[in-house]
Amino acid sequence: MRNIIPVLAVTAALIALWYAAVVPMNAQWAQDQARRAGTDLTLPALIADTMSQQRPRLPAPHQVAQELWNSTVVEEMTGRRGFMNTGSLSNRSLVYHGWVTLSATLLGFAIGSGLGIALAVGIVHNRAMDASVMPWAIASQTIPILAIAPMIIVVLNAIGITGLIPKAIISTYLSFFPVVVGMVKGLRAPDAMQLDLMKTYSASGPQVFSKLRWPSAMPYLFASLKVAIAAALVGAIVAELPTGAVAGLGARLLSGSYYGQTVQIWSALFAAAILAASMVALIGVIQRATLRRMGMAA
Amino acid sequence: MRDTVTAPVISARGLNLTFQTNDGPVHALKDVSLDIAKGEFVSFIGPSGCGKTTFLRVIADLEQPTGGEITVNGMSPDAARKSRAYGYVFQAAGLYPWRTIAGNVKLPLEIMGFSHAEQQARVEKVLELVELSGFARKFPWQLSGGMQQRASIARALAFDADILLMDEPFGALDEIVRDRLNEQLLELWARTEKTIGFVTHSIPEAVYLSTKIVVMSPRPGRITDIIDSPLPRERPLDIRDSPEFIKIAHRVREGLRAGHLDD
């Protein structure tokens, strides 16, 4: 509990800074409007106006918070197409769009982590893979995802694969890499002495893996999964951008920018950030529980 | 037919081992010949680089000799390792932090495919042997260094190999703990009648523990003296003040010094 005070202090400072920036960013528009209407703005009226515009350059924090609340709880509880009225999620709510993105993220994350672990196992156990796979894995991450995402979507679309899978593949593309790097390091964590000990038992390859390498790699696995799931979310959002997707947080960002709905953009951004933070936190909880059960409470 | 009672458990003839390094070949072992009989406690003592650890590792099939012959239980080291002829204790306890003490001792038993009941029984037996019975469910970090090393000895004893190879097992521990562990090791040796190969830096430790002391010297790694200890098998700690003890220690020291004079 002692470390909650610094966290709150930093948050408060950031919000204060944000509010301070809102006034100069939006003042121009407020003054133009006032001049056209032939009225004079007092300073308090100017400040009040910058905080409550429909399409501000920089929305105020409370506007974003309000939009987040309205487009989740209010929309689903009372909206005409909301969950309470129709029994299904409203396509105007961030819950719906968040879920669309989240499902692609989770699928991509699952495939990506599986692929990453499999590649790491191969790299650690096979000399040829050790020499050949890693350079390609690194090269794959130097290609801007924004450049390759449309290609993947177009190619998959041409062979009739649309919807969730192409987005998940782009998530996979971003999320396998940290898992490969982390798990190669983790599976190589046992030192020469521990490997010698296994040799004195005449342990088989699979035994060395399951009893020594795999448990040694656990802390590394969780660290890389945290990076991977955040990367998977970025991949899913980016995958929604170039394709004119109609659903998902990426689609919300896109439509917000088409119509100058800055408040919508910012609330979608915050929804994405909250989603990523909760998933990382969830992995953190699983990590603590697992390591504690293994006696390696960190 | 060979007489299995008197045939040496470990027999090395003209053993050579050369490591190829970037600075040229390093002679880790040169013409090492040694017989170790069943039930002996043999210490290898010498300065760093004298090949004492290398020799132990050759016995354990962790290094391959480049010349000469060695048999363990009448077989090649490779065959002996596969028939689980020895338990090996390293300088560091090397317990798995994710396993309890009992879990660590069980590790070789799981790998060797002992039944569940047998695993349980053996773990209890060896933990009692190293006086760690009450600590089966503790994790390694909850134990002191000396206790961890005892657990690693229990792990090496668990599958009941006839030979116990120990590479400076108490090197990292303080003198008081070391004395106590030396006493316990002698008791354990008396109870289990194992053949023990023991690498050490310490003259008192070597003399106190061994029935045979092998003095080695470096560059190239070789045996300079083999001392059969006249001390009785029953050894209280204060035997170290006896004239016999001091005489052997003196001879070991002379042997070590002679090895260094060649430099």
# chains A, B, ... in the order shown; residues from 1 in each chain; ligands from 1
>>> interface_residues(of="chain B", to="chain A", cutoff="10 Å", atoms="only C-alpha atoms", output="ChimeraX atom specification")
/B:57,60-62,78,80-100,107-112,138-141,156,159
>>> residues_around(residues="B:Arg235", least_positions_apart="4", cutoff="12 Å", atoms="only C-alpha atoms", output="list in words")
Asn182, Glu183, Gln184, Leu185, Leu186, Glu187, Trp189, Ala190, Val207, Tyr208, Leu209, Ser210, Thr211, Pro230, Leu231, Ile239, Arg240, Asp241, Ser242 and Phe245 of chain B
>>> write_last_selection(atoms="N, CA and C atoms", output="PDB file, in the first residue's frame")
ATOM      1  N   ASN B 182      32.520 -33.397   7.647  1.00  0.00           N
ATOM      2  CA  ASN B 182      33.533 -34.447   7.504  1.00  0.00           C
ATOM      3  C   ASN B 182      33.250 -35.613   8.443  1.00  0.00           C
ATOM      4  N   GLU B 183      32.913 -35.281   9.682  1.00  0.00           N
ATOM      5  CA  GLU B 183      32.552 -36.325  10.647  1.00  0.00           C
ATOM      6  C   GLU B 183      31.382 -37.148  10.137  1.00  0.00           C
ATOM      7  N   GLN B 184      30.343 -36.423   9.685  1.00  0.00           N
ATOM      8  CA  GLN B 184      29.150 -37.116   9.194  1.00  0.00           C
ATOM      9  C   GLN B 184      29.455 -37.979   7.984  1.00  0.00           C
ATOM     10  N   LEU B 185      30.343 -37.469   7.133  1.00  0.00           N
ATOM     11  CA  LEU B 185      30.685 -38.231   5.929  1.00  0.00           C
ATOM     12  C   LEU B 185      31.376 -39.543   6.303  1.00  0.00           C
ATOM     13  N   LEU B 186      32.237 -39.483   7.313  1.00  0.00           N
ATOM     14  CA  LEU B 186      32.909 -40.714   7.754  1.00  0.00           C
ATOM     15  C   LEU B 186      31.902 -41.713   8.315  1.00  0.00           C
ATOM     16  N   GLU B 187      30.962 -41.202   9.107  1.00  0.00           N
ATOM     17  CA  GLU B 187      29.910 -42.093   9.645  1.00  0.00           C
ATOM     18  C   GLU B 187      29.141 -42.741   8.504  1.00  0.00           C
ATOM     19  N   TRP B 189      30.059 -43.181   5.457  1.00  0.00           N
ATOM     20  CA  TRP B 189      30.926 -44.118   4.724  1.00  0.00           C
ATOM     21  C   TRP B 189      30.987 -45.454   5.457  1.00  0.00           C
ATOM     22  N   ALA B 190      31.105 -45.368   6.799  1.00  0.00           N
ATOM     23  CA  ALA B 190      31.168 -46.587   7.593  1.00  0.00           C
ATOM     24  C   ALA B 190      29.855 -47.380   7.479  1.00  0.00           C
ATOM     25  N   VAL B 207      43.606 -35.842   4.946  1.00  0.00           N
ATOM     26  CA  VAL B 207      44.208 -36.802   5.871  1.00  0.00           C
ATOM     27  C   VAL B 207      43.150 -37.374   6.812  1.00  0.00           C
ATOM     28  N   TYR B 208      42.255 -36.515   7.262  1.00  0.00           N
ATOM     29  CA  TYR B 208      41.232 -36.959   8.205  1.00  0.00           C
ATOM     30  C   TYR B 208      40.304 -37.999   7.585  1.00  0.00           C
ATOM     31  N   LEU B 209      39.942 -37.801   6.309  1.00  0.00           N
ATOM     32  CA  LEU B 209      38.918 -38.644   5.707  1.00  0.00           C
ATOM     33  C   LEU B 209      39.444 -39.941   5.110  1.00  0.00           C
ATOM     34  N   SER B 210      40.685 -39.911   4.574  1.00  0.00           N
ATOM     35  CA  SER B 210      41.026 -40.927   3.576  1.00  0.00           C
ATOM     36  C   SER B 210      41.704 -42.167   4.123  1.00  0.00           C
ATOM     37  N   THR B 211      41.519 -43.256   3.387  1.00  0.00           N
ATOM     38  CA  THR B 211      42.369 -44.421   3.583  1.00  0.00           C
ATOM     39  C   THR B 211      43.540 -44.359   2.612  1.00  0.00           C
ATOM     40  N   PRO B 230      47.787 -44.973   7.636  1.00  0.00           N
ATOM     41  CA  PRO B 230      47.784 -45.975   8.701  1.00  0.00           C
ATOM     42  C   PRO B 230      46.745 -45.677   9.776  1.00  0.00           C
ATOM     43  N   LEU B 231      45.999 -44.590   9.627  1.00  0.00           N
ATOM     44  CA  LEU B 231      45.010 -44.244  10.660  1.00  0.00           C
ATOM     45  C   LEU B 231      43.904 -45.294  10.684  1.00  0.00           C
ATOM     46  N   ILE B 239      41.629 -36.869  16.470  1.00  0.00           N
ATOM     47  CA  ILE B 239      42.739 -37.650  15.918  1.00  0.00           C
ATOM     48  C   ILE B 239      43.695 -36.728  15.161  1.00  0.00           C
ATOM     49  N   ARG B 240      43.172 -35.543  14.841  1.00  0.00           N
ATOM     50  CA  ARG B 240      43.979 -34.612  14.060  1.00  0.00           C
ATOM     51  C   ARG B 240      45.140 -34.028  14.867  1.00  0.00           C
ATOM     52  N   ASP B 241      45.122 -34.243  16.176  1.00  0.00           N
ATOM     53  CA  ASP B 241      46.243 -33.782  16.987  1.00  0.00           C
ATOM     54  C   ASP B 241      47.259 -34.889  17.241  1.00  0.00           C
ATOM     55  N   SER B 242      46.961 -36.095  16.731  1.00  0.00           N
ATOM     56  CA  SER B 242      47.868 -37.215  17.020  1.00  0.00           C
ATOM     57  C   SER B 242      49.113 -37.133  16.142  1.00  0.00           C
ATOM     58  N   PHE B 245      48.768 -38.493  12.551  1.00  0.00           N
ATOM     59  CA  PHE B 245      48.046 -37.582  11.671  1.00  0.00           C
ATOM     60  C   PHE B 245      48.998 -36.507  11.154  1.00  0.00           C
TER      61      PHE B 245
END
>>> residues_around(residues="A:Gln63", least_positions_apart="5", cutoff="9 Å", atoms="only C-alpha atoms", output="PyMOL selection string")
chain A and resi 51-52+68+263+267
>>> write_last_selection(atoms="C-alpha atoms", output="short mmCIF file (atom, residue, chain, number, x, y, z; two decimals), in the first residue's frame")
data_model
loop_
_atom_site.label_atom_id
_atom_site.label_comp_id
_atom_site.auth_asym_id
_atom_site.auth_seq_id
_atom_site.Cartn_x
_atom_site.Cartn_y
_atom_site.Cartn_z
CA MET A 51 -13.01 21.85 -21.96
CA SER A 52 -16.33 21.08 -23.59
CA LEU A 68 -15.47 5.74 -22.17
CA VAL A 263 -12.95 12.14 -28.28
CA SER A 267 -11.39 6.80 -25.73
#
>>> atom_distance(atom1="atom CA of A:Ile111", atom2="atom CA of A:Thr172")
6.0 Å
>>> select_by_dssp(residues="stretch 17-197 of chain A", states="alpha helix (DSSP H)", output="number ranges by chain")
A: 17-37, 43-50, 61-69, 75-78, 83-86, 94-125, 127-142, 145-158, 164-187, 192-197
>>> residues_around(residues="B:Val199", least_positions_apart="2", cutoff="8 Å", atoms="only C-alpha atoms", output="VMD selection string")
chain B and resid 43 to 45 52 to 53 56 166 to 169 197 201
>>> write_last_selection(atoms="C-alpha atoms", output="compact mmCIF listing (two decimals), in the first residue's frame")
# COMPACT_ATOMS: atom_id res chain seq x y z
CA SER B 43 41.28 -38.27 -1.62
CA PHE B 44 42.82 -36.38 -4.51
CA ILE B 45 44.74 -33.34 -3.37
CA LYS B 52 42.31 -33.93 -9.75
CA THR B 53 38.86 -32.82 -10.86
CA LEU B 56 37.24 -37.61 -11.24
CA MET B 166 32.76 -35.95 -4.67
CA ASP B 167 34.35 -32.89 -6.25
CA GLU B 168 35.31 -30.44 -3.47
CA PRO B 169 31.85 -30.82 -1.95
CA GLY B 197 36.62 -40.60 -4.50
CA HIS B 201 42.23 -28.51 -1.51
>>> residues_around(residues="stretch 229-240 of chain A", least_positions_apart="4", cutoff="9 Å", atoms="only C-alpha atoms", output="ChimeraX atom specification")
/A:101-102,104-106,108-109,112-113,145-146,149-150,153,166-176,178,224-225,244-251,253-254,272,275-277,279-280,283
>>> select_by_dssp(residues="stretch 14-261 of chain B", states="strand (DSSP E or B)", output="NGL selection string")
:B and (14-21 or 24-36 or 41-45 or 67-72 or 75 or 86-89 or 163-167 or 195-200 or 212-217 or 222-228)
>>> residues_around(residues="stretch 213-220 of chain B", least_positions_apart="3", cutoff="7 Å", atoms="only C-alpha atoms", output="list in words")
His27, Ala28, Leu29, Lys30, Val42, Ser43, Phe44, Ile45, Gly46, Pro47, Gly49, Cys50, Gly51, Lys52, Ala206, Ser210, Ile223, Thr224, Asp225, Ile226, Ile227, Asp228, Val252, Gly255, Leu256 and Gly259 of chain B
